[in-house]
$ cat data18.pdb   # PDB, C-alpha atoms
ATOM      1  CA  MET A   1     -14.042  -0.673 -20.910
ATOM      2  CA  GLY A   2     -12.854   0.817 -17.590
ATOM      3  CA  THR A   3     -11.815  -0.832 -14.360
ATOM      4  CA  THR A   4     -14.225  -1.538 -11.512
ATOM      5  CA  VAL A   5     -13.452  -0.598  -7.907
ATOM      6  CA  ALA A   6     -15.461  -2.362  -5.215
ATOM      7  CA  LEU A   7     -16.497  -0.449  -2.082
ATOM      8  CA  VAL A   8     -17.665  -2.666   0.770
ATOM      9  CA  ARG A   9     -18.819  -1.530   4.194
ATOM     10  CA  SER A  10     -17.309  -3.584   7.022
ATOM     11  CA  GLY A  11     -17.783  -4.096  10.716
ATOM     12  CA  PHE A  12     -14.799  -4.479  13.009
ATOM     13  CA  SER A  13     -15.060  -8.052  14.267
ATOM     14  CA  GLU A  14     -12.901 -10.748  12.662
ATOM     15  CA  SER A  15     -15.912 -12.483  11.133
ATOM     16  CA  GLU A  16     -17.266  -9.220   9.675
ATOM     17  CA  ILE A  17     -13.869  -8.297   8.244
ATOM     18  CA  ASN A  18     -13.468 -11.754   6.688
ATOM     19  CA  ARG A  19     -16.898 -11.512   5.111
ATOM     20  CA  SER A  20     -16.233  -8.000   3.754
ATOM     21  CA  VAL A  21     -12.856  -8.972   2.268
ATOM     22  CA  SER A  22     -14.486 -11.945   0.536
ATOM     23  CA  ASN A  23     -17.375  -9.783  -0.725
ATOM     24  CA  ALA A  24     -14.987  -7.191  -2.162
ATOM     25  CA  TRP A  25     -12.999  -9.935  -3.891
ATOM     26  CA  ASN A  26     -16.178 -11.411  -5.384
ATOM     27  CA  LEU A  27     -17.615  -8.067  -6.521
ATOM     28  CA  ILE A  28     -14.734  -7.471  -8.942
ATOM     29  CA  SER A  29     -14.871 -11.107 -10.163
ATOM     30  CA  PHE A  30     -11.116 -11.436  -9.688
ATOM     31  CA  SER A  31      -9.304 -14.356 -11.237
ATOM     32  CA  PRO A  32      -5.498 -14.667 -11.431
ATOM     33  CA  LYS A  33      -3.590 -14.439 -14.697
ATOM     34  CA  ARG A  34      -1.805 -17.734 -14.097
ATOM     35  CA  ASN A  35      -3.628 -21.051 -14.352
ATOM     36  CA  GLN A  36      -2.043 -22.384 -11.170
ATOM     37  CA  VAL A  37      -1.524 -20.360  -8.008
ATOM     38  CA  GLU A  38       1.132 -21.993  -5.841
ATOM     39  CA  SER A  39       2.948 -18.958  -4.423
ATOM     40  CA  VAL A  40       1.299 -15.796  -3.105
ATOM     41  CA  VAL A  41       2.931 -12.597  -1.842
ATOM     42  CA  ILE A  42       0.861 -10.171   0.252
ATOM     43  CA  LYS A  43       2.387  -6.700   0.647
ATOM     44  CA  ALA A  44       1.182  -4.939   3.786
ATOM     45  CA  ASN A  45       1.773  -1.274   4.622
ATOM     46  CA  LEU A  46       3.953  -1.170   7.737
ATOM     47  CA  CYS A  47       5.557   2.213   7.236
ATOM     48  CA  TYR A  48       6.353   2.698  10.923
ATOM     49  CA  TYR A  49       5.738   1.199  14.360
ATOM     50  CA  TRP A  50       2.229   2.576  14.916
ATOM     51  CA  LYS A  51      -0.566   0.031  15.177
ATOM     52  CA  SER A  52      -3.441  -0.184  12.737
ATOM     53  CA  ASP A  53      -5.916   1.652  14.970
ATOM     54  CA  THR A  54      -3.877   4.831  14.398
ATOM     55  CA  GLY A  55      -4.679   4.621  10.677
ATOM     56  CA  TYR A  56      -1.017   4.332   9.698
ATOM     57  CA  THR A  57      -0.514   0.588   9.150
ATOM     58  CA  THR A  58      -2.393  -2.353   7.659
ATOM     59  CA  ASP A  59      -4.629  -4.179  10.118
ATOM     60  CA  PRO A  60      -3.424  -7.815  10.453
ATOM     61  CA  ARG A  61      -7.071  -8.896  10.506
ATOM     62  CA  ILE A  62      -7.403  -7.689   6.895
ATOM     63  CA  ILE A  63      -4.376  -9.806   5.983
ATOM     64  CA  ALA A  64      -5.935 -12.758   7.831
ATOM     65  CA  GLY A  65      -9.114 -12.381   5.763
ATOM     66  CA  ILE A  66      -7.085 -12.307   2.551
ATOM     67  CA  ILE A  67      -5.173 -15.441   3.597
ATOM     68  CA  ASP A  68      -8.471 -17.231   4.170
ATOM     69  CA  CYS A  69      -9.732 -16.121   0.738
ATOM     70  CA  VAL A  70      -6.557 -17.351  -0.944
ATOM     71  CA  ARG A  71      -6.782 -20.773   0.677
ATOM     72  CA  GLU A  72     -10.485 -21.141  -0.080
ATOM     73  CA  ARG A  73      -9.865 -20.380  -3.742
ATOM     74  CA  TYR A  74      -6.478 -21.957  -4.432
ATOM     75  CA  GLY A  75      -6.036 -24.642  -1.787
ATOM     76  CA  ALA A  76      -4.786 -25.078   1.749
ATOM     77  CA  ASP A  77      -1.250 -25.876   0.558
ATOM     78  CA  THR A  78      -0.725 -22.561  -1.237
ATOM     79  CA  GLN A  79       2.563 -20.977  -0.144
ATOM     80  CA  ILE A  80       1.837 -17.530   1.294
ATOM     81  CA  GLN A  81       4.303 -14.847   2.334
ATOM     82  CA  VAL A  82       3.376 -11.591   4.048
ATOM     83  CA  VAL A  83       6.059  -9.085   3.118
ATOM     84  CA  GLU A  84       7.389  -5.616   3.762
ATOM     85  CA  ALA A  85      10.674  -3.842   3.034
ATOM     86  CA  ASP A  86      12.809  -1.739   5.328
ATOM     87  CA  ALA A  87      12.067   1.980   5.125
ATOM     88  CA  SER A  88      13.819   5.224   5.965
ATOM     89  CA  ALA A  89      12.466   5.230   9.512
ATOM     90  CA  MET A  90      11.393   1.590   9.960
ATOM     91  CA  ARG A  91      13.051  -1.801  10.149
ATOM     92  CA  THR A  92      10.834  -4.725   9.222
ATOM     93  CA  LYS A  93      12.387  -6.992  11.856
ATOM     94  CA  TYR A  94      10.919  -4.686  14.514
ATOM     95  CA  ALA A  95       7.628  -3.910  12.778
ATOM     96  CA  PHE A  96       6.490  -7.535  12.372
ATOM     97  CA  PRO A  97       6.489  -8.383  16.107
ATOM     98  CA  MET A  98       5.380  -4.932  17.272
ATOM     99  CA  LEU A  99       2.352  -4.759  14.969
ATOM    100  CA  GLY A 100       0.965  -8.256  15.557
ATOM    101  CA  TYR A 101       2.303  -9.946  12.448
ATOM    102  CA  GLU A 102       4.336 -12.634  14.199
ATOM    103  CA  ASN A 103       1.156 -13.765  15.969
ATOM    104  CA  LEU A 104      -0.693 -13.685  12.637
ATOM    105  CA  ALA A 105       1.985 -15.820  10.986
ATOM    106  CA  LYS A 106       1.772 -18.439  13.737
ATOM    107  CA  GLN A 107      -2.024 -18.472  13.701
ATOM    108  CA  LYS A 108      -2.354 -18.713   9.911
ATOM    109  CA  LYS A 109       0.833 -20.737   9.301
ATOM    110  CA  VAL A 110       2.288 -18.307   6.777
ATOM    111  CA  LYS A 111       5.784 -16.878   6.366
ATOM    112  CA  LEU A 112       6.890 -13.328   7.093
ATOM    113  CA  PHE A 113       9.579 -11.996   4.802
ATOM    114  CA  ASN A 114      11.677  -8.854   4.607
ATOM    115  CA  LEU A 115      11.969  -7.872   0.941
ATOM    116  CA  SER A 116      15.209  -6.021   1.705
ATOM    117  CA  ASN A 117      16.849  -9.369   2.542
ATOM    118  CA  ASP A 118      15.830 -11.080  -0.701
ATOM    119  CA  PHE A 119      17.847 -11.630  -3.861
ATOM    120  CA  LEU A 120      17.631  -8.157  -5.375
ATOM    121  CA  LYS A 121      17.446  -7.204  -9.018
ATOM    122  CA  LYS A 122      18.295  -3.737 -10.289
ATOM    123  CA  GLU A 123      15.627  -2.414 -12.625
ATOM    124  CA  SER A 124      15.834   0.886 -14.508
ATOM    125  CA  VAL A 125      12.905   2.864 -15.857
ATOM    126  CA  LEU A 126      12.292   6.240 -17.493
ATOM    127  CA  VAL A 127       9.593   8.545 -16.123
ATOM    128  CA  ASN A 128       9.043  11.857 -17.881
ATOM    129  CA  GLY A 129      12.645  11.790 -19.121
ATOM    130  CA  HIS A 130      14.083  11.004 -15.681
ATOM    131  CA  GLU A 131      15.814   7.634 -15.199
ATOM    132  CA  PHE A 132      15.351   5.738 -11.953
ATOM    133  CA  THR A 133      17.152   2.570 -10.894
ATOM    134  CA  PHE A 134      15.432   0.566  -8.161
ATOM    135  CA  GLU A 135      16.425  -2.556  -6.273
ATOM    136  CA  VAL A 136      13.456  -4.927  -6.326
ATOM    137  CA  SER A 137      12.859  -8.296  -4.706
ATOM    138  CA  GLN A 138      12.978 -11.337  -6.944
ATOM    139  CA  SER A 139      10.102 -12.808  -4.920
ATOM    140  CA  LEU A 140       7.770 -10.078  -6.196
ATOM    141  CA  LEU A 141       8.768 -10.809  -9.783
ATOM    142  CA  ASP A 142       8.408 -14.593  -9.489
ATOM    143  CA  CYS A 143       5.240 -15.148  -7.424
ATOM    144  CA  ASP A 144       2.030 -16.471  -8.995
ATOM    145  CA  LEU A 145      -0.184 -13.934  -7.222
ATOM    146  CA  PHE A 146       0.892 -10.527  -5.894
ATOM    147  CA  ILE A 147      -1.633  -8.846  -3.576
ATOM    148  CA  ASN A 148      -1.195  -5.208  -2.558
ATOM    149  CA  VAL A 149      -2.812  -4.209   0.783
ATOM    150  CA  PRO A 150      -2.412  -0.460   1.400
ATOM    151  CA  LYS A 151      -4.017   1.876   3.900
ATOM    152  CA  LEU A 152      -6.342   4.762   3.080
ATOM    153  CA  LYS A 153      -4.588   7.870   4.383
ATOM    154  CA  LEU A 154      -3.229  11.318   3.674
ATOM    155  CA  MET A 155       0.445  12.189   3.233
ATOM    156  CA  ARG A 156       1.870  15.686   3.233
ATOM    157  CA  ALA A 157       4.238  15.098   0.316
ATOM    158  CA  THR A 158       1.682  13.532  -2.056
ATOM    159  CA  ARG A 159      -1.731  14.538  -0.631
ATOM    160  CA  ILE A 160      -2.980  10.946  -0.671
ATOM    161  CA  THR A 161      -1.278   7.614  -0.139
ATOM    162  CA  CYS A 162      -2.901   4.329  -1.035
ATOM    163  CA  ALA A 163      -2.303   1.676  -3.704
ATOM    164  CA  LEU A 164       0.457   3.125  -5.900
ATOM    165  CA  LYS A 165       2.366   4.549  -2.929
ATOM    166  CA  ASN A 166       2.334   1.163  -1.164
ATOM    167  CA  ILE A 167       4.204  -0.305  -4.136
ATOM    168  CA  PHE A 168       6.824   2.429  -3.632
ATOM    169  CA  GLY A 169       7.325   0.714  -0.262
ATOM    170  CA  CYS A 170       8.478  -2.415  -2.140
ATOM    171  CA  ILE A 171      11.759  -0.734  -3.072
ATOM    172  CA  ALA A 172      14.338  -2.815  -1.213
ATOM    173  CA  SER A 173      16.680   0.039  -0.317
ATOM    174  CA  PRO A 174      15.845   1.321   3.201
ATOM    175  CA  ASN A 175      16.782   4.919   2.462
ATOM    176  CA  LYS A 176      13.781   5.706   0.295
ATOM    177  CA  PHE A 177      13.866   9.317   1.438
ATOM    178  CA  VAL A 178      16.453   9.916  -1.320
ATOM    179  CA  TYR A 179      13.559   9.725  -3.795
ATOM    180  CA  HIS A 180      11.408  12.313  -2.028
ATOM    181  CA  SER A 181      12.685  15.236  -4.080
ATOM    182  CA  SER A 182      11.067  13.544  -7.122
ATOM    183  CA  LEU A 183       8.550  11.423  -5.279
ATOM    184  CA  ASP A 184       5.662  11.604  -7.758
ATOM    185  CA  ARG A 185       7.867  10.309 -10.591
ATOM    186  CA  ALA A 186       9.480   7.672  -8.350
ATOM    187  CA  ILE A 187       6.063   6.306  -7.344
ATOM    188  CA  VAL A 188       5.105   5.976 -11.003
ATOM    189  CA  GLY A 189       8.493   4.497 -11.856
ATOM    190  CA  ILE A 190       8.340   1.591  -9.429
ATOM    191  CA  ASN A 191       4.747   0.903 -10.495
ATOM    192  CA  LYS A 192       5.922   0.592 -14.097
ATOM    193  CA  ILE A 193       8.126  -2.278 -12.892
ATOM    194  CA  LEU A 194       5.976  -4.009 -10.265
ATOM    195  CA  HIS A 195       2.379  -4.867 -11.119
ATOM    196  CA  PRO A 196       0.202  -6.302  -8.332
ATOM    197  CA  ASP A 197      -2.537  -8.631  -9.534
ATOM    198  CA  LEU A 198      -5.019  -7.533  -6.884
ATOM    199  CA  THR A 199      -5.287  -4.562  -4.528
ATOM    200  CA  ILE A 200      -7.383  -4.721  -1.359
ATOM    201  CA  VAL A 201      -7.451  -1.495   0.663
ATOM    202  CA  ASP A 202      -7.675  -1.412   4.439
ATOM    203  CA  GLY A 203     -10.013   1.480   5.154
ATOM    204  CA  LEU A 204     -11.257   0.148   8.482
ATOM    205  CA  VAL A 205      -9.494   2.988  10.268
ATOM    206  CA  ALA A 206      -8.523   5.697   7.777
ATOM    207  CA  LEU A 207      -6.179   8.585   8.485
ATOM    208  CA  GLY A 208      -7.011  12.134   7.562
ATOM    209  CA  ARG A 209      -6.657  15.110   9.873
ATOM    210  CA  PHE A 210      -7.166  12.475  12.568
ATOM    211  CA  PRO A 211      -7.897   8.714  12.517
ATOM    212  CA  VAL A 212     -11.512   7.766  11.854
ATOM    213  CA  LYS A 213     -13.346   4.449  11.916
ATOM    214  CA  LEU A 214     -14.423   4.465   8.287
ATOM    215  CA  GLY A 215     -15.326   0.770   8.041
ATOM    216  CA  LEU A 216     -14.378   0.490   4.357
ATOM    217  CA  ILE A 217     -12.778  -2.256   2.257
ATOM    218  CA  MET A 218     -11.855  -1.454  -1.356
ATOM    219  CA  ALA A 219     -10.759  -3.856  -4.099
ATOM    220  CA  SER A 220      -9.644  -3.663  -7.723
ATOM    221  CA  ILE A 221      -7.242  -5.237 -10.167
ATOM    222  CA  ASP A 222      -5.869  -1.767 -10.988
ATOM    223  CA  PRO A 223      -3.940   0.324  -8.397
ATOM    224  CA  PHE A 224      -4.412   3.522 -10.413
ATOM    225  CA  SER A 225      -8.199   3.111 -10.374
ATOM    226  CA  ILE A 226      -8.126   2.476  -6.622
ATOM    227  CA  ASP A 227      -6.206   5.719  -6.069
ATOM    228  CA  TRP A 228      -8.523   7.662  -8.392
ATOM    229  CA  ILE A 229     -11.527   6.659  -6.281
ATOM    230  CA  ALA A 230      -9.599   6.934  -2.996
ATOM    231  CA  SER A 231      -8.747  10.556  -3.829
ATOM    232  CA  GLN A 232     -12.430  11.352  -4.158
ATOM    233  CA  ILE A 233     -13.221   9.681  -0.840
ATOM    234  CA  MET A 234     -10.468  11.716   0.828
ATOM    235  CA  GLY A 235     -11.909  14.925  -0.623
ATOM    236  CA  TYR A 236      -9.414  15.722  -3.384
ATOM    237  CA  ARG A 237      -9.768  16.020  -7.138
ATOM    238  CA  PRO A 238      -7.778  13.081  -8.530
ATOM    239  CA  SER A 239      -6.637  15.183 -11.486
ATOM    240  CA  LYS A 240      -4.810  17.452  -9.016
ATOM    241  CA  VAL A 241      -2.840  14.640  -7.333
ATOM    242  CA  GLY A 242       0.708  14.834  -8.652
ATOM    243  CA  PHE A 243       1.584  11.165  -9.092
ATOM    244  CA  LEU A 244      -1.791  10.423 -10.708
ATOM    245  CA  LYS A 245      -1.130  13.160 -13.278
ATOM    246  CA  VAL A 246       2.290  11.639 -13.972
ATOM    247  CA  ALA A 247       0.741   8.159 -14.180
ATOM    248  CA  ILE A 248      -1.683   9.336 -16.882
ATOM    249  CA  LYS A 249       1.145  10.912 -18.909
ATOM    250  CA  GLU A 250       3.158   7.702 -18.603
ATOM    251  CA  LYS A 251       0.128   5.609 -19.635
ATOM    252  CA  LEU A 252       0.230   3.754 -16.319
ATOM    253  CA  GLY A 253      -3.429   4.535 -15.743
ATOM    254  CA  ASN A 254      -6.505   5.855 -17.492
ATOM    255  CA  PRO A 255      -9.334   7.568 -15.607
ATOM    256  CA  LYS A 256     -11.853   7.015 -18.398
ATOM    257  CA  GLY A 257     -14.445   4.424 -17.579
ATOM    258  CA  ILE A 258     -13.508   3.811 -13.930
ATOM    259  CA  THR A 259     -16.644   2.626 -12.129
ATOM    260  CA  THR A 260     -17.521   1.612  -8.590
ATOM    261  CA  CYS A 261     -19.744  -1.178  -7.311
ATOM    262  CA  GLY A 262     -21.083  -2.092  -3.908
ATOM    263  CA  GLU A 263     -21.518   0.931  -1.649
ATOM    264  CA  ASP A 264     -21.813   4.546  -2.744
ATOM    265  CA  LEU A 265     -18.661   6.566  -2.021
ATOM    266  CA  ALA A 266     -20.509   9.702  -0.812
ATOM    267  CA  PRO A 267     -21.051   8.582   2.827
ATOM    268  CA  PHE A 268     -17.386   7.603   3.150
ATOM    269  CA  ARG A 269     -16.293  10.916   1.667
ATOM    270  CA  LYS A 270     -18.542  12.809   4.073
ATOM    271  CA  LYS A 271     -17.040  10.958   7.038
ATOM    272  CA  PHE A 272     -13.388  11.250   6.004
ATOM    273  CA  PRO A 273     -11.571  14.030   7.965
ATOM    274  CA  ARG A 274      -9.975  16.096   5.220
ATOM    275  CA  GLU A 275      -6.846  18.086   6.044
ATOM    276  CA  SER A 276      -5.627  21.436   4.736
ATOM    277  CA  PHE A 277      -2.190  21.155   3.148
ATOM    278  CA  LEU A 278      -1.250  24.833   3.018
ATOM    279  CA  PHE A 279       0.511  24.706   6.401
ATOM    280  CA  GLN A 280       1.252  20.993   6.264
ATOM    281  CA  LYS A 281       3.264  21.291   3.026
ATOM    282  CA  TRP A 282       5.524  23.894   4.633
ATOM    283  CA  LEU A 283       5.918  21.680   7.685
ATOM    284  CA  TRP A 284       6.756  18.663   5.501
ATOM    285  CA  ASP A 285       9.444  20.659   3.643
ATOM    286  CA  VAL A 286      11.069  21.594   6.953
ATOM    287  CA  GLN A 287      10.927  18.021   8.268
ATOM    288  CA  PHE A 288      12.250  16.589   5.009
ATOM    289  CA  GLY A 289      15.192  18.987   5.094
ATOM    290  CA  LEU A 290      16.073  17.921   8.621
ATOM    291  CA  LEU A 291      15.680  14.253   7.643
ATOM    292  CA  LYS A 292      18.102  14.656   4.728
ATOM    293  CA  LEU A 293      20.639  16.410   6.937
ATOM    294  CA  TYR A 294      20.419  13.670   9.584
ATOM    295  CA  GLY A 295      20.785  10.988   6.893
ATOM    296  CA  LYS A 296      23.923  12.602   5.495
ATOM    297  CA  ILE A 297      25.504  12.774   8.927
ATOM    298  CA  VAL A 298      24.761   9.245  10.211
ATOM    299  CA  LYS A 299      24.050   7.399   6.909
ATOM    300  CA  ASP A 300      20.695   6.250   8.297
ATOM    301  CA  VAL A 301      17.458   7.776   9.558
ATOM    302  CA  ILE A 302      16.540   5.262  12.221
ATOM    303  CA  PRO A 303      16.405   6.849  15.678
ATOM    304  CA  PRO A 304      19.310   5.136  17.501
ATOM    305  CA  SER A 305      17.126   4.264  20.507
ATOM    306  CA  LEU A 306      14.976   1.975  18.333
ATOM    307  CA  GLU A 307      17.918  -0.103  17.173
ATOM    308  CA  GLY A 308      18.080  -1.673  20.618
ATOM    309  CA  ILE A 309      14.457  -2.851  20.649
TER
END
$ encode --input "data18.pdb" --output "structure tokens"
Amino acid sequence: MGTTVALVRSGFSESEINRSVSNAWNLISFSPKRNQVESVVIKANLCYYWKSDTGYTTDPRIIAGIIDCVRERYGADTQIQVVEADASAMRTKYAFPMLGYENLAKQKKVKLFNLSNDFLKKESVLVNGHEFTFEVSQSLLDCDLFINVPKLKLMRATRITCALKNIFGCIASPNKFVYHSSLDRAIVGINKILHPDLTIVDGLVALGRFPVKLGLIMASIDPFSIDWIASQIMGYRPSKVGFLKVAIKEKLGNPKGITTCGEDLAPFRKKFPRESFLFQKWLWDVQFGLLKLYGKIVKDVIPPSLEGI
């Protein structure tokens, strides 16, 4: 039997978002693998310093709705951490305050945590004959409930970015651009190590050729199934998305029997602003080359002006 992906239409007020998050959770009848849930890690997508209304980063109101769901189901005393790791062009210590997460943490009485500052464990994995070694946070390995909260958006290097790519963001090393020459395999590799229990997608504002108010919440227990459906919404054949093809070969996911419930995906697909990648792929290759050169020279890819923020 295949995996179900819930599609829920949402308004943009806090109460509507809370209700939609709860509905999506209920539609897939999610229950955790562990009998007791005492520690919860929620992985947002804060890839850079752009706010959620640009379509780039997870809306803190989605995270707030998830926190409320967790406490309703597992108790007010459940320990909750909202986490992110440093990235090639982002430092978590700046992203949390700039994107509204410090205010969220105070309001909801949860902790913010930089995965790059955790006790790190080196994990090796083979993908299509290629060995990767990643540094991963012990907190992700030890928590009772791991919730993945990606955005619905396009990316030049991979066509789409959603559930599986957000787990790539869990790699503790900031200089993740070193994996971009074999990005499809690296995405699959880290997902063979880290397995979120629940994925809830922020599609309130999605990012295609331009940001669009899509008003969509998605949920599933399987990141691969989320990305299979997300590809269709974004106007691409999932079987043509590189990391999904690798995932099938590596038995990380199976497209057979994936079903949706809730809303029909056709209206969301019609509204999503698809982008042509013929020119964009060339542009990405140029930008990636410059990024690698800059990284070799300065051993970092953070614009120096941002380090003083």
$ atom_distance --input "data18.pdb" --atom1 "CA of Leu145 (chain A)" --atom2 "CA of Leu164 (chain A)"
17.1 Å
$ closest_residue --input "data18.pdb" --among "A:Arg209, A:Asp77, A:Leu141, A:Val149" --to "Phe119 (chain A)" --atoms "all atoms listed in the file"
A:Leu141
$ atom_distance --input "data18.pdb" --atom1 "CA of Ser181 (chain A)" --atom2 "CA of Ile147 (chain A)"
28.0 Å
$ closest_atom_pairs --input "data18.pdb" --of "region 25-142 of chain A" --to "region 255-272 of chain A" --cutoff "12 Å" --atoms "only C-alpha atoms" --output "JSON lines"
{"residue": "A:Trp25", "atom": "CA", "partner": "A:Gly262", "partner_atom": "CA", "distance": 11.3}
{"residue": "A:Asn26", "atom": "CA", "partner": "A:Gly262", "partner_atom": "CA", "distance": 10.6}
{"residue": "A:Leu27", "atom": "CA", "partner": "A:Cys261", "partner_atom": "CA", "distance": 7.3}
{"residue": "A:Ile28", "atom": "CA", "partner": "A:Cys261", "partner_atom": "CA", "distance": 8.2}
{"residue": "A:Ser29", "atom": "CA", "partner": "A:Cys261", "partner_atom": "CA", "distance": 11.4}
{"residue": "A:Gly55", "atom": "CA", "partner": "A:Phe272", "partner_atom": "CA", "distance": 11.9}
$ closest_residue --input "data18.pdb" --among "A:Met218, A:Val70, A:Ala85, A:Ala6" --to "Asp144 (chain A)" --atoms "only C-alpha atoms"
A:Val70
$ atom_distance --input "data18.pdb" --atom1 "CA of Asp118 (chain A)" --atom2 "CA of Gly75 (chain A)"
25.8 Å
$ closest_residue --input "data18.pdb" --among "A:Val188, A:Val241, A:Ala247, A:Leu198" --to "Phe134 (chain A)" --atoms "all atoms listed in the file"
A:Val188
$ resolve_selection --input "data18.pdb" --expression "the PyMOL selection byres ((chain A and resi 97-109) around 8)" --output "ChimeraX atom specification"
/A:49-52,60,64,67,93-96,110-112
$ resolve_selection --input "data18.pdb" --expression "the PyMOL selection byres ((chain A and resi 203) around 7)" --output "number ranges by chain"
A: 151-152, 201-202, 204-206, 214-217
$ closest_residue --input "data18.pdb" --among "A:Gly235, A:Gly189, A:Pro196, A:Gly2" --to "Leu252 (chain A)" --atoms "only C-alpha atoms"
A:Gly189
$ resolve_selection --input "data18.pdb" --expression "the PyMOL selection byres ((chain A and resi 154) around 10)" --output "list in words"
Gly55, Tyr56, Lys151, Leu152, Lys153, Met155, Arg156, Ala157, Thr158, Arg159, Ile160, Thr161, Cys162, Ala206, Leu207, Gly208, Arg209, Phe210, Ser231, Met234, Pro273, Arg274, Glu275 and Phe277 of chain A
$ residues_around --input "data18.pdb" --residues "Tyr48 (chain A)" --least-positions-apart "6" --cutoff "9 Å" --atoms "only C-alpha atoms" --output "PyMOL selection string"
chain A and resi 56-57+87+89-92+95
$ residues_around --input "data18.pdb" --residues "Val127 (chain A)" --least-positions-apart "6" --cutoff "10 Å" --atoms "only C-alpha atoms" --output "JSON, numbers by chain"
{"A": [184, 185, 186, 187, 188, 189, 190, 192, 246, 247, 249, 250]}
$ write_last_selection --input "data18.pdb" --atoms "C-alpha atoms" --output "short mmCIF file (atom, residue, chain, number, x, y, z; two decimals), keeping the file's coordinate frame"
data_model
loop_
_atom_site.label_atom_id
_atom_site.label_comp_id
_atom_site.auth_asym_id
_atom_site.auth_seq_id
_atom_site.Cartn_x
_atom_site.Cartn_y
_atom_site.Cartn_z
CA ASP A 184 5.66 11.60 -7.76
CA ARG A 185 7.87 10.31 -10.59
CA ALA A 186 9.48 7.67 -8.35
CA ILE A 187 6.06 6.31 -7.34
CA VAL A 188 5.11 5.98 -11.00
CA GLY A 189 8.49 4.50 -11.86
CA ILE A 190 8.34 1.59 -9.43
CA LYS A 192 5.92 0.59 -14.10
CA VAL A 246 2.29 11.64 -13.97
CA ALA A 247 0.74 8.16 -14.18
CA LYS A 249 1.14 10.91 -18.91
CA GLU A 250 3.16 7.70 -18.60
#
$ closest_residue --input "data18.pdb" --among "A:Leu183, A:Asn45, A:Ala219, A:Pro150" --to "Leu7 (chain A)" --atoms "only C-alpha atoms"
A:Ala219
$ residues_around --input "data18.pdb" --residues "Ala172 (chain A)" --least-positions-apart "5" --cutoff "12 Å" --atoms "all atoms listed in the file" --output "NGL selection string"
:A and (83-88 or 91-92 or 113-123 or 133-140 or 167 or 190)
$ residues_around --input "data18.pdb" --residues "Asp197 (chain A)" --least-positions-apart "5" --cutoff "8 Å" --atoms "only C-alpha atoms" --output "PyMOL selection string"
chain A and resi 32-33+145-148+221-222
$ axis_aligned_box --input "data18.pdb" --around "region 121-135 of chain A" --padding-each-side "4 Å" --output "AutoDock Vina command-line options"
--center_x 13.7 --center_y 2.3 --center_z -12.7 --size_x 17.3 --size_y 27.1 --size_z 20.8
